[in-house]
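Dumped my_file-v3.txt below, it's compact mmCIF, C-alpha atoms:
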```txt
# COMPACT_ATOMS: atom_id res chain seq x y z
CA MET A 1 0.00 0.00 0.00
CA LYS A 2 1.16 3.52 -0.71
CA GLN A 3 2.46 5.40 2.23
CA SER A 4 0.07 8.05 3.54
CA SER A 5 1.08 11.68 3.16
CA ALA A 6 -0.20 12.38 6.66
CA SER A 7 0.84 10.92 9.98
CA ILE A 8 -1.65 9.75 12.58
CA ALA A 9 -1.01 12.96 14.49
CA ASP A 10 -1.96 14.96 11.40
CA ILE A 11 -4.98 12.82 10.62
CA PHE A 12 -6.60 13.14 14.01
CA ASP A 13 -7.84 16.55 15.06
CA LYS A 14 -7.04 16.64 18.76
CA GLN A 15 -9.20 19.71 19.35
CA ASN A 16 -12.56 18.18 18.42
CA GLY A 17 -11.74 14.46 18.32
CA THR A 18 -12.66 14.04 14.67
CA LEU A 19 -10.92 13.89 11.32
CA SER A 20 -10.68 17.00 9.24
CA GLU A 21 -12.59 16.53 5.99
CA GLN A 22 -9.67 17.74 3.90
CA THR A 23 -7.25 15.27 5.44
CA ALA A 24 -9.62 12.34 4.96
CA ASP A 25 -10.14 13.35 1.32
CA GLU A 26 -6.37 13.52 0.85
CA ILE A 27 -5.90 10.00 2.16
CA LEU A 28 -8.67 8.62 -0.03
CA ALA A 29 -7.31 10.34 -3.13
CA LYS A 30 -3.57 9.78 -2.68
CA ASP A 31 -3.56 6.37 -1.03
CA TYR A 32 -6.61 4.72 -2.58
CA ASN A 33 -7.29 6.64 -5.80
CA ILE A 34 -10.78 7.59 -4.69
CA THR A 35 -11.29 11.11 -6.00
CA GLU A 36 -15.06 11.29 -6.46
CA GLN A 37 -17.97 10.61 -4.16
CA PRO A 38 -19.93 7.61 -5.49
CA SER A 39 -23.58 8.41 -6.08
CA LYS A 40 -26.03 7.30 -3.42
CA LYS A 41 -29.09 5.55 -4.76
CA LEU A 42 -32.16 6.31 -2.65
CA VAL A 43 -35.31 4.25 -3.16
CA GLN A 44 -38.81 5.22 -2.08
CA ASN A 45 -40.08 3.05 0.76
CA ALA A 46 -43.05 1.77 -1.21
CA ASN A 47 -40.74 0.37 -3.91
CA ARG A 48 -38.05 -1.18 -1.73
CA ARG A 49 -37.28 -4.89 -2.00
CA ILE A 50 -34.45 -5.77 0.38
CA ALA A 51 -31.94 -8.63 0.32
CA PHE A 52 -29.56 -9.17 3.23
CA LEU A 53 -25.97 -9.82 2.15
CA HIS A 54 -24.07 -11.47 5.01
CA ILE A 55 -20.35 -10.66 4.70
CA GLY A 56 -18.36 -13.07 6.84
CA LYS A 57 -16.92 -11.87 10.18
CA THR A 58 -18.72 -8.53 10.19
CA GLY A 59 -21.54 -9.19 12.65
CA GLY A 60 -23.87 -10.69 10.05
CA SER A 61 -24.87 -13.59 12.31
CA THR A 62 -26.07 -11.14 14.95
CA ILE A 63 -28.14 -9.25 12.38
CA SER A 64 -29.46 -12.53 10.96
CA ILE A 65 -31.12 -13.64 14.17
CA HIS A 66 -32.94 -10.30 14.31
CA LEU A 67 -34.45 -10.91 10.90
CA ARG A 68 -37.40 -13.22 10.34
CA ASN A 69 -36.80 -16.73 11.64
CA GLY A 70 -35.74 -18.83 8.70
CA CYS A 71 -33.49 -16.22 7.10
CA PHE A 72 -30.44 -17.67 8.76
CA LYS A 73 -29.59 -21.35 8.99
CA LYS A 74 -25.99 -22.42 9.51
CA ILE A 75 -26.30 -25.28 7.04
CA ASN A 76 -27.65 -23.03 4.29
CA MET A 77 -25.75 -20.20 2.60
CA HIS A 78 -28.95 -18.91 0.95
CA ARG A 79 -32.44 -18.81 2.35
CA LEU A 80 -35.84 -17.30 1.60
CA CYS A 81 -37.20 -15.51 4.64
CA GLN A 82 -40.45 -16.47 6.33
CA PHE A 83 -43.63 -14.58 5.62
CA ARG A 84 -45.96 -12.90 8.10
CA GLY A 85 -48.16 -15.36 9.93
CA SER A 86 -45.81 -18.31 9.48
CA GLU A 87 -45.09 -20.59 12.43
CA ASN A 88 -41.65 -19.15 13.19
CA TRP A 89 -42.49 -15.49 12.76
CA ILE A 90 -40.42 -13.17 14.99
CA THR A 91 -42.55 -11.30 17.51
CA ASN A 92 -42.08 -7.56 17.94
CA GLU A 93 -39.97 -7.45 14.78
CA THR A 94 -38.58 -4.21 13.38
CA ILE A 95 -39.38 -2.80 9.97
CA ALA A 96 -35.93 -3.90 8.68
CA SER A 97 -36.86 -7.45 9.56
CA TYR A 98 -40.27 -7.12 7.93
CA ARG A 99 -38.88 -5.69 4.68
CA THR A 100 -36.01 -8.18 4.21
CA GLU A 101 -37.03 -10.93 1.79
CA GLU A 102 -33.94 -13.07 1.25
CA TYR A 103 -30.60 -13.95 2.83
CA PHE A 104 -27.31 -14.54 0.97
CA HIS A 105 -24.00 -15.70 2.40
CA MET A 106 -20.84 -16.88 0.63
CA GLN A 107 -22.44 -16.29 -2.76
CA TYR A 108 -23.74 -13.54 -5.05
CA ILE A 109 -27.28 -12.17 -4.97
CA GLN A 110 -29.27 -13.85 -7.71
CA PRO A 111 -31.33 -12.64 -9.44
CA GLN A 112 -30.04 -9.11 -8.85
CA GLU A 113 -32.89 -7.44 -10.72
CA LYS A 114 -35.36 -8.71 -8.12
CA TYR A 115 -34.05 -6.36 -5.41
CA THR A 116 -33.77 -2.58 -5.18
CA THR A 117 -31.85 -2.51 -1.88
CA ILE A 118 -28.92 -4.38 -0.35
CA LEU A 119 -28.71 -4.54 3.44
CA THR A 120 -25.23 -5.56 4.60
CA THR A 121 -22.63 -5.35 7.36
CA VAL A 122 -19.00 -4.26 7.10
CA ARG A 123 -15.95 -4.12 9.35
CA ASN A 124 -12.47 -2.62 9.29
CA PRO A 125 -10.78 -4.88 6.66
CA ILE A 126 -7.74 -5.40 8.89
CA THR A 127 -9.64 -6.76 11.88
CA ARG A 128 -12.06 -8.63 9.60
CA PHE A 129 -9.19 -10.53 8.00
CA GLN A 130 -7.63 -11.33 11.36
CA SER A 131 -10.96 -12.66 12.59
CA ALA A 132 -11.39 -14.72 9.42
CA PHE A 133 -7.95 -16.27 9.90
CA ALA A 134 -8.80 -17.18 13.49
CA PHE A 135 -12.30 -18.46 12.74
CA ASN A 136 -11.34 -21.90 11.39
CA HIS A 137 -7.97 -22.22 13.06
CA PRO A 138 -7.79 -25.57 14.90
CA MET A 139 -6.09 -23.88 17.83
CA ASN A 140 -9.05 -21.57 18.31
CA LYS A 141 -12.17 -23.70 17.97
CA PRO A 142 -13.51 -27.05 19.07
CA ILE A 143 -14.03 -29.91 16.65
CA LYS A 144 -17.70 -30.13 15.69
CA SER A 145 -18.77 -33.68 15.09
CA LYS A 146 -21.45 -32.71 12.57
CA GLN A 147 -18.83 -31.33 10.20
CA ARG A 148 -17.33 -33.69 7.67
CA PRO A 149 -14.02 -35.17 8.81
CA PHE A 150 -12.57 -34.72 5.33
CA MET A 151 -13.30 -31.00 5.40
CA LEU A 152 -11.81 -30.62 8.87
CA SER A 153 -8.70 -32.53 7.90
CA LYS A 154 -8.22 -30.50 4.73
CA GLN A 155 -8.53 -27.21 6.60
CA SER A 156 -6.25 -28.40 9.37
CA GLN A 157 -3.69 -29.58 6.86
CA THR A 158 -3.65 -26.11 5.33
CA TYR A 159 -3.29 -24.51 8.73
CA THR A 160 -0.18 -26.58 9.41
CA CYS A 161 1.46 -24.12 7.01
CA PHE A 162 0.45 -21.17 9.17
CA PRO A 163 0.45 -21.68 12.95
CA SER A 164 0.18 -17.89 13.21
CA LEU A 165 -0.78 -14.90 11.08
CA ALA A 166 2.90 -13.98 10.79
CA HIS A 167 3.56 -17.21 8.87
CA LEU A 168 0.73 -16.41 6.46
CA LEU A 169 1.96 -12.86 5.85
CA LYS A 170 5.56 -13.96 5.19
CA ALA A 171 4.42 -16.62 2.73
CA ALA A 172 2.07 -14.25 0.87
CA MET A 173 4.83 -11.62 0.60
CA GLY A 174 7.27 -14.20 -0.78
CA HIS A 175 9.55 -14.13 2.24
CA ALA A 176 8.85 -17.71 3.30
CA VAL A 177 8.38 -20.25 0.54
CA ILE A 178 6.97 -23.36 2.22
CA GLU A 179 6.10 -26.66 0.63
CA TRP A 180 3.81 -28.89 2.66
CA ASN A 181 5.46 -32.30 2.82
CA GLU A 182 5.93 -35.17 5.24
CA GLU A 183 8.71 -33.40 7.11
CA HIS A 184 6.61 -30.27 7.47
CA GLN A 185 3.67 -32.36 8.64
CA LYS A 186 5.82 -34.06 11.23
CA ASP A 187 6.94 -30.71 12.59
CA GLN A 188 3.63 -28.82 12.59
CA THR A 189 0.72 -31.24 12.75
CA PRO A 190 1.04 -32.16 16.46
CA LYS A 191 1.01 -28.46 17.37
CA VAL A 192 -1.91 -27.39 15.21
CA LEU A 193 -3.99 -30.53 15.47
CA GLN A 194 -3.69 -31.14 19.18
CA LEU A 195 -7.48 -30.92 19.42
CA SER A 196 -7.95 -33.64 16.81
CA THR A 197 -9.46 -37.04 17.33
CA GLU A 198 -7.62 -40.14 16.14
CA LYS A 199 -10.23 -40.58 13.44
CA ARG A 200 -9.60 -37.08 12.17
CA LYS A 201 -5.83 -37.53 12.17
CA ASN A 202 -6.15 -40.64 10.05
CA PHE A 203 -7.75 -38.65 7.29
CA THR A 204 -4.62 -36.53 6.83
CA LYS A 205 -2.82 -39.58 5.50
CA THR A 206 -4.98 -39.59 2.35
CA LEU A 207 -4.62 -35.91 1.49
CA ASN A 208 -2.53 -34.48 -1.30
CA ALA A 209 0.45 -32.24 -0.61
CA ILE A 210 -0.22 -28.51 -0.32
CA ASN A 211 1.84 -25.67 -1.71
CA CYS A 212 1.76 -23.38 1.31
CA THR A 213 2.90 -20.32 -0.63
CA GLN A 214 0.06 -20.76 -3.09
CA ALA A 215 -2.38 -21.22 -0.20
CA ALA A 216 -1.24 -17.89 1.26
CA GLN A 217 -1.72 -16.14 -2.07
CA ILE A 218 -5.20 -17.63 -2.43
CA ALA A 219 -6.11 -16.38 1.05
CA PHE A 220 -5.41 -12.82 -0.12
CA GLY A 221 -6.96 -13.30 -3.56
CA LEU A 222 -3.58 -13.04 -5.31
CA ASP A 223 -3.71 -16.35 -7.19
CA SER A 224 -5.66 -15.81 -10.42
CA THR A 225 -5.71 -19.54 -11.18
CA TYR A 226 -8.09 -20.15 -8.26
CA THR A 227 -11.48 -18.74 -9.23
CA THR A 228 -14.34 -17.58 -7.06
CA GLN A 229 -16.51 -20.26 -8.65
CA GLN A 230 -14.10 -22.90 -7.39
CA ASN A 231 -14.24 -21.23 -4.01
CA MET A 232 -18.03 -21.47 -3.84
CA GLU A 233 -18.18 -25.01 -5.19
CA ASN A 234 -15.68 -26.23 -2.62
CA ASN A 235 -17.69 -24.60 0.17
CA TYR A 236 -20.90 -26.28 -0.95
CA LYS A 237 -19.20 -29.67 -1.19
CA GLY A 238 -17.87 -29.28 2.33
CA ASN A 239 -14.22 -29.85 1.42
CA HIS A 240 -12.89 -26.32 1.17
CA PRO A 241 -9.12 -26.58 1.75
CA TRP A 242 -8.42 -22.87 2.14
CA PHE A 243 -9.90 -20.00 4.14
CA ASN A 244 -13.46 -19.30 3.00
CA HIS A 245 -14.11 -15.96 4.73
CA MET A 246 -10.79 -14.65 3.43
CA THR A 247 -11.24 -15.61 -0.20
CA PHE A 248 -14.89 -14.55 -0.27
CA ASP A 249 -14.14 -10.96 0.66
CA TYR A 250 -15.33 -7.40 -0.10
CA ARG A 251 -14.06 -7.76 -3.66
CA GLN A 252 -16.40 -10.69 -4.19
CA TYR A 253 -19.43 -9.35 -2.34
CA TYR A 254 -19.17 -5.98 -4.11
CA LYS A 255 -20.23 -7.74 -7.31
CA SER A 256 -23.68 -7.97 -5.74
CA MET A 257 -23.74 -4.18 -5.10
CA PRO A 258 -24.05 -2.58 -8.58
CA PRO A 259 -24.46 1.24 -8.74
CA ASP A 260 -28.21 1.02 -9.38
CA LYS A 261 -28.79 -0.63 -6.00
CA GLU A 262 -29.47 1.21 -2.77
CA LEU A 263 -27.05 0.30 0.02
CA LEU A 264 -27.92 0.14 3.72
CA VAL A 265 -24.75 -0.55 5.69
CA MET A 266 -24.14 -1.45 9.32
CA ARG A 267 -20.63 -1.30 10.76
CA THR A 268 -19.46 -3.96 13.20
CA GLU A 269 -17.91 -1.26 15.36
CA HIS A 270 -21.35 0.45 15.72
CA LEU A 271 -23.65 -2.44 14.96
CA HIS A 272 -26.63 -1.70 17.19
CA ASP A 273 -26.56 2.06 16.55
CA ASP A 274 -26.46 1.50 12.79
CA TRP A 275 -29.24 -1.10 13.04
CA VAL A 276 -31.36 1.55 14.78
CA ARG A 277 -30.50 4.11 12.08
CA VAL A 278 -31.46 1.70 9.30
CA ASN A 279 -34.81 1.03 10.96
CA GLU A 280 -35.41 4.74 11.40
CA LEU A 281 -34.65 5.37 7.72
CA LEU A 282 -37.00 2.60 6.63
CA SER A 283 -39.82 3.84 8.85
CA THR A 284 -39.73 7.37 7.45
CA ASP A 285 -41.12 8.28 4.04
CA ARG A 286 -42.62 11.18 2.09
CA ARG A 287 -46.36 11.22 1.56
CA GLN A 288 -47.65 11.50 -1.99
CA TRP A 289 -50.08 14.41 -1.61
CA TRP A 290 -51.10 14.76 -5.25
CA ASN A 291 -53.90 17.25 -4.52
CA SER A 292 -52.15 19.43 -1.97
CA THR A 293 -48.87 21.18 -2.76
CA ASP A 294 -48.74 22.56 0.81
CA LEU A 295 -48.36 19.06 2.27
CA LYS A 296 -46.34 17.49 -0.53
CA ASN A 297 -43.05 17.46 1.40
CA GLU A 298 -44.47 16.48 4.78
CA THR A 299 -42.68 13.55 6.38
CA TYR A 300 -44.31 10.95 8.56
CA ARG A 301 -43.14 8.00 10.59
CA GLU A 302 -44.74 4.60 10.41
CA GLU A 303 -45.57 3.03 13.77
CA TRP A 304 -43.08 0.21 14.35
CA PRO A 305 -41.83 -1.28 17.62
CA ASP A 306 -38.74 0.20 19.22
CA VAL A 307 -35.55 -1.60 18.25
CA PRO A 308 -34.73 -3.99 21.11
CA PRO A 309 -31.18 -4.68 22.34
CA PHE A 310 -29.31 -7.34 20.45
CA LYS A 311 -29.42 -10.94 21.53
CA GLY A 312 -25.99 -12.41 22.09
CA ILE A 313 -24.34 -14.88 19.74
CA LYS A 314 -22.58 -17.63 21.66
CA ARG A 315 -19.58 -19.18 19.93
CA ALA A 316 -17.91 -22.19 21.51
CA ARG A 317 -14.17 -21.99 22.03
CA ASP A 318 -11.94 -24.67 23.49
CA LYS A 319 -9.08 -22.26 23.92
CA GLN A 320 -7.92 -18.84 22.87
CA GLU A 321 -4.41 -17.92 21.77
CA PRO A 322 -4.82 -14.35 20.50
CA TYR A 323 -1.12 -13.88 19.79
CA ARG A 324 -1.49 -16.27 16.87
CA PHE A 325 -4.02 -14.02 15.12
CA LYS A 326 -2.48 -10.57 15.59
CA THR A 327 0.31 -8.60 13.99
CA HIS A 328 3.23 -7.94 16.32
CA SER A 329 5.47 -5.51 14.43
CA LYS A 330 5.27 -2.50 12.16
CA GLN A 331 6.60 -4.67 9.31
CA GLU A 332 3.76 -7.18 9.71
CA ARG A 333 1.15 -4.41 9.81
CA GLU A 334 2.59 -2.89 6.64
CA TRP A 335 2.52 -6.26 4.89
CA LEU A 336 -1.07 -6.89 5.93
CA CYS A 337 -2.25 -3.47 4.77
CA HIS A 338 -0.35 -3.83 1.50
CA LEU A 339 -1.94 -7.23 0.82
CA LEU A 340 -5.40 -5.85 1.66
CA TYR A 341 -5.07 -2.67 -0.40
CA ASP A 342 -8.00 -3.52 -2.74
CA GLU A 343 -10.09 -4.68 0.21
CA ILE A 344 -9.58 -1.39 2.04
CA ARG A 345 -10.41 0.62 -1.06
CA ILE A 346 -13.71 -1.21 -1.65
CA TYR A 347 -14.55 -0.96 2.05
CA PHE A 348 -14.36 2.83 1.82
CA MET A 349 -16.46 2.85 -1.34
CA ILE A 350 -19.18 0.78 0.35
CA ILE A 351 -19.33 3.23 3.26
CA MET A 352 -19.42 6.20 0.86
CA ARG A 353 -22.39 4.69 -0.99
CA ALA A 354 -24.41 3.84 2.12
CA VAL A 355 -27.52 6.02 2.31
CA ASN A 356 -27.67 5.72 6.11
CA LEU A 357 -24.04 6.81 6.70
CA ASP A 358 -22.51 10.27 6.33
CA ASN A 359 -19.13 11.98 5.94
CA GLU A 360 -18.38 11.77 9.65
CA ASP A 361 -18.82 8.00 9.49
CA LEU A 362 -16.44 7.88 6.53
CA LYS A 363 -13.85 9.96 8.36
CA GLU A 364 -13.99 7.62 11.32
CA ALA A 365 -13.49 4.61 9.03
CA VAL A 366 -10.48 6.25 7.38
CA TYR A 367 -8.90 7.03 10.75
CA ASP A 368 -9.58 3.54 12.06
CA VAL A 369 -7.89 1.89 9.06
CA GLN A 370 -4.93 4.26 9.15
CA LYS A 371 -4.49 3.53 12.83
CA SER A 372 -4.55 -0.22 12.14
CA CYS A 373 -1.86 0.17 9.48
CA SER A 374 0.53 2.33 11.50
```
Would you give me this structure, written as structure tokens?
Amino acid sequence: MKQSSASIADIFDKQNGTLSEQTADEILAKDYNITEQPSKKLVQNANRRIAFLHIGKTGGSTISIHLRNGCFKKINMHRLCQFRGSENWITNETIASYRTEEYFHMQYIQPQEKYTTILTTVRNPITRFQSAFAFNHPMNKPIKSKQRPFMLSKQSQTYTCFPSLAHLLKAAMGHAVIEWNEEHQKDQTPKVLQLSTEKRKNFTKTLNAINCTQAAQIAFGLDSTYTTQQNMENNYKGNHPWFNHMTFDYRQYYKSMPPDKELLVMRTEHLHDDWVRVNELLSTDRRQWWNSTDLKNETYREEWPDVPPFKGIKRARDKQEPYRFKTHSKQEREWLCHLLYDEIRIYFMIIMRAVNLDNEDLKEAVYDVQKSCS
């Protein structure tokens, strides 16, 4: 990634605790080649048809359980939502829940022409990637018996290349060319697979060798020989050998956000507040007073229940070793930000297009990313 023309001290206005608009614009233009504000598509409430696009490791599971029951099932990446009066209808639902028709995860929205509005969640690309790396790491999660042993073995075999994020960064940058072979397995497998069952270990004997350097490049979307279609097909078959939430990233999800679609965006860092703002936006409209010019611009608010506090999402963990999933030097942070350059750029563009977010929200996102990369 290009080096910023401004230091963190310059970026952050100590007097009022916010970014200066000029400085944020400079960073976007010089570092990320974003020189124009993308147009915001605003749709009238009566015409909205909303699809929820669940971007991995951004709080999408939390949002999902606050949509109509049936929108989110762990075994399904795509699901039609329930309709009013159905057996599993959510009580006291918000208008955002009521207006969301379909749920998409780890795939593109199809057919796109069906929907006017995309509801989605985003997160600082740096912390999102770190969370995605940790999510399937054998040292950070229990073995779930309902998952296919072959899938678990394949993922674990890949993770033997990268006991920590530092190993992944070095390999992706070309500073550590690793070939997965019997000697490498002998050295790493006992450490990474210490949670494995004997049955699961036996599966590793039948797996093909892995090029660890190629695996690292795939994780960052740098290997053009590994297509997104292959990524999705492997996920559906349950034998994905790589890192699904890494390879299916903002670059992939953005293909389901064409310019003619309205974007409603919730940030992980402000998830409940943004959820409230989205519901407020959806509950406010302009009346069509065709016979009275005096009242034509009057706004009104539909009567919907107050947005309740979020329910918690419980995720089982056998153990936590955070040091494995963090960067520990300026060099590692620079590598990570360099490798995620396109991700960061698209992240900013998504926030800029969101009709429920403003320039202050964009400034905060710019500062947060710059802080992560310094």
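You can rank A:Gly59, A:Pro305, A:Pro258, A:Pro163 by their closest distance to Ser97 of chain A using all atoms listed in the file, and at the top of that list sits A:Pro305.
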Residue nearest Met246 of chain A - candidates A:Asn136, A:Gln110, A:Ser61, A:Thr100, atoms counted: only C-alpha atoms: A:Asn136
Close residues, Phe325 of chain A itself excluded, 8 Å, all atoms listed in the file, min 6 positions apart in chain, as a list of chain:residue names: A:Gln130, A:Ser131, A:Phe133, A:Ala134, A:Ser164, A:Leu165
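Here atom CA of His328 of chain A is placed at a distance of 11.8 Å from atom CA of Cys373 of chain A.
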Atom-to-atom span, atom CA of Ser39 of chain A and atom CA of Met352 of chain A, Å: 8.4 Å
Selection as a ChimeraX atom specification: residues within 7 Å of (-29.2, -4.3, -1.7), counting all atoms listed in the file: /A:50-52,115-119,257,261-263
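Atom pair atom CA of Tyr98 of chain A / atom CA of Leu53 of chain A has a distance of 15.7 Å (rounded to one decimal).
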Residues near Gln217 of chain A, cut-off 10 Å, all atoms listed in the file, skip fewer than 6 positions along chain, as a PyMOL selection string: chain A and resi 168-169+171-174+223-224+226+247+339
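Shortest separation to Thr284 of chain A among A:Ile95, A:Ile351, A:Val122, A:Leu67 occurs at residue A:Ile95, atoms counted being only C-alpha atoms.
Each of A:Lys255, A:Ala96, A:Asn244, A:Tyr347 was checked against His137 of chain A using all atoms listed in the file; the smallest atom-to-atom distance is that of A:Asn244.
Of the listed residues A:Leu340, A:Ala219, A:Ala354, A:Ala166, the one whose atoms come nearest to Asn124 of chain A is A:Leu340, with distances taken using all atoms listed in the file.
Minimum distance to His54 of chain A across A:Ser256, A:Thr127, A:Lys170, A:Cys161 (counting only C-alpha atoms) occurs at A:Ser256.
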Missing atoms of segment 91-99 of chain A rebuilt to all heavy atoms, written as a compact mmCIF listing (two decimals), in the coordinates of the input:
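Below is the file part01.txt, written as the result:
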```
# COMPACT_ATOMS: atom_id res chain seq x y z
N THR A 91 -41.64 -12.24 16.87
CA THR A 91 -42.55 -11.30 17.51
C THR A 91 -41.84 -9.97 17.73
O THR A 91 -40.63 -9.91 17.93
CB THR A 91 -43.04 -11.86 18.86
OG1 THR A 91 -41.90 -12.10 19.69
CG2 THR A 91 -43.80 -13.15 18.65
N ASN A 92 -42.61 -8.91 17.72
CA ASN A 92 -42.08 -7.56 17.94
C ASN A 92 -40.93 -7.24 16.98
O ASN A 92 -39.95 -6.60 17.35
CB ASN A 92 -41.59 -7.42 19.40
CG ASN A 92 -41.44 -5.95 19.78
OD1 ASN A 92 -42.23 -5.11 19.35
ND2 ASN A 92 -40.44 -5.65 20.58
N GLU A 93 -41.04 -7.68 15.75
CA GLU A 93 -39.97 -7.45 14.78
C GLU A 93 -39.91 -5.99 14.37
O GLU A 93 -40.88 -5.25 14.49
CB GLU A 93 -40.17 -8.33 13.55
CG GLU A 93 -41.37 -7.93 12.72
CD GLU A 93 -41.40 -8.62 11.38
OE1 GLU A 93 -40.34 -9.07 10.93
OE2 GLU A 93 -42.48 -8.70 10.79
N THR A 94 -38.76 -5.57 13.87
CA THR A 94 -38.58 -4.21 13.38
C THR A 94 -38.95 -4.16 11.91
O THR A 94 -39.11 -5.18 11.25
CB THR A 94 -37.13 -3.76 13.56
OG1 THR A 94 -36.29 -4.54 12.69
CG2 THR A 94 -36.66 -3.92 14.99
N ILE A 95 -39.03 -2.94 11.37
CA ILE A 95 -39.38 -2.80 9.97
C ILE A 95 -38.29 -3.38 9.06
O ILE A 95 -38.57 -3.90 7.99
CB ILE A 95 -39.66 -1.31 9.60
CG1 ILE A 95 -40.19 -1.23 8.17
CG2 ILE A 95 -38.43 -0.45 9.80
CD1 ILE A 95 -40.66 0.15 7.78
N ALA A 96 -37.01 -3.31 9.49
CA ALA A 96 -35.93 -3.90 8.68
C ALA A 96 -36.11 -5.40 8.55
O ALA A 96 -35.85 -5.98 7.50
CB ALA A 96 -34.58 -3.58 9.29
N SER A 97 -36.57 -6.03 9.62
CA SER A 97 -36.86 -7.45 9.56
C SER A 97 -38.02 -7.72 8.61
O SER A 97 -37.96 -8.62 7.77
CB SER A 97 -37.20 -7.98 10.95
OG SER A 97 -37.72 -9.29 10.89
N TYR A 98 -39.07 -6.92 8.73
CA TYR A 98 -40.27 -7.12 7.93
C TYR A 98 -39.99 -6.96 6.43
O TYR A 98 -40.53 -7.69 5.60
CB TYR A 98 -41.34 -6.14 8.37
CG TYR A 98 -42.57 -6.15 7.50
CD1 TYR A 98 -43.46 -7.22 7.53
CD2 TYR A 98 -42.86 -5.07 6.66
CE1 TYR A 98 -44.60 -7.24 6.74
CE2 TYR A 98 -43.99 -5.07 5.86
CZ TYR A 98 -44.85 -6.16 5.91
OH TYR A 98 -45.97 -6.17 5.11
N ARG A 99 -39.11 -6.00 6.10
CA ARG A 99 -38.88 -5.69 4.68
C ARG A 99 -37.82 -6.56 4.02
O ARG A 99 -37.64 -6.51 2.81
CB ARG A 99 -38.51 -4.21 4.53
CG ARG A 99 -39.57 -3.23 4.98
CD ARG A 99 -40.85 -3.36 4.18
NE ARG A 99 -40.67 -3.07 2.79
CZ ARG A 99 -40.74 -1.83 2.25
NH1 ARG A 99 -40.99 -0.80 3.02
NH2 ARG A 99 -40.58 -1.66 0.97
```
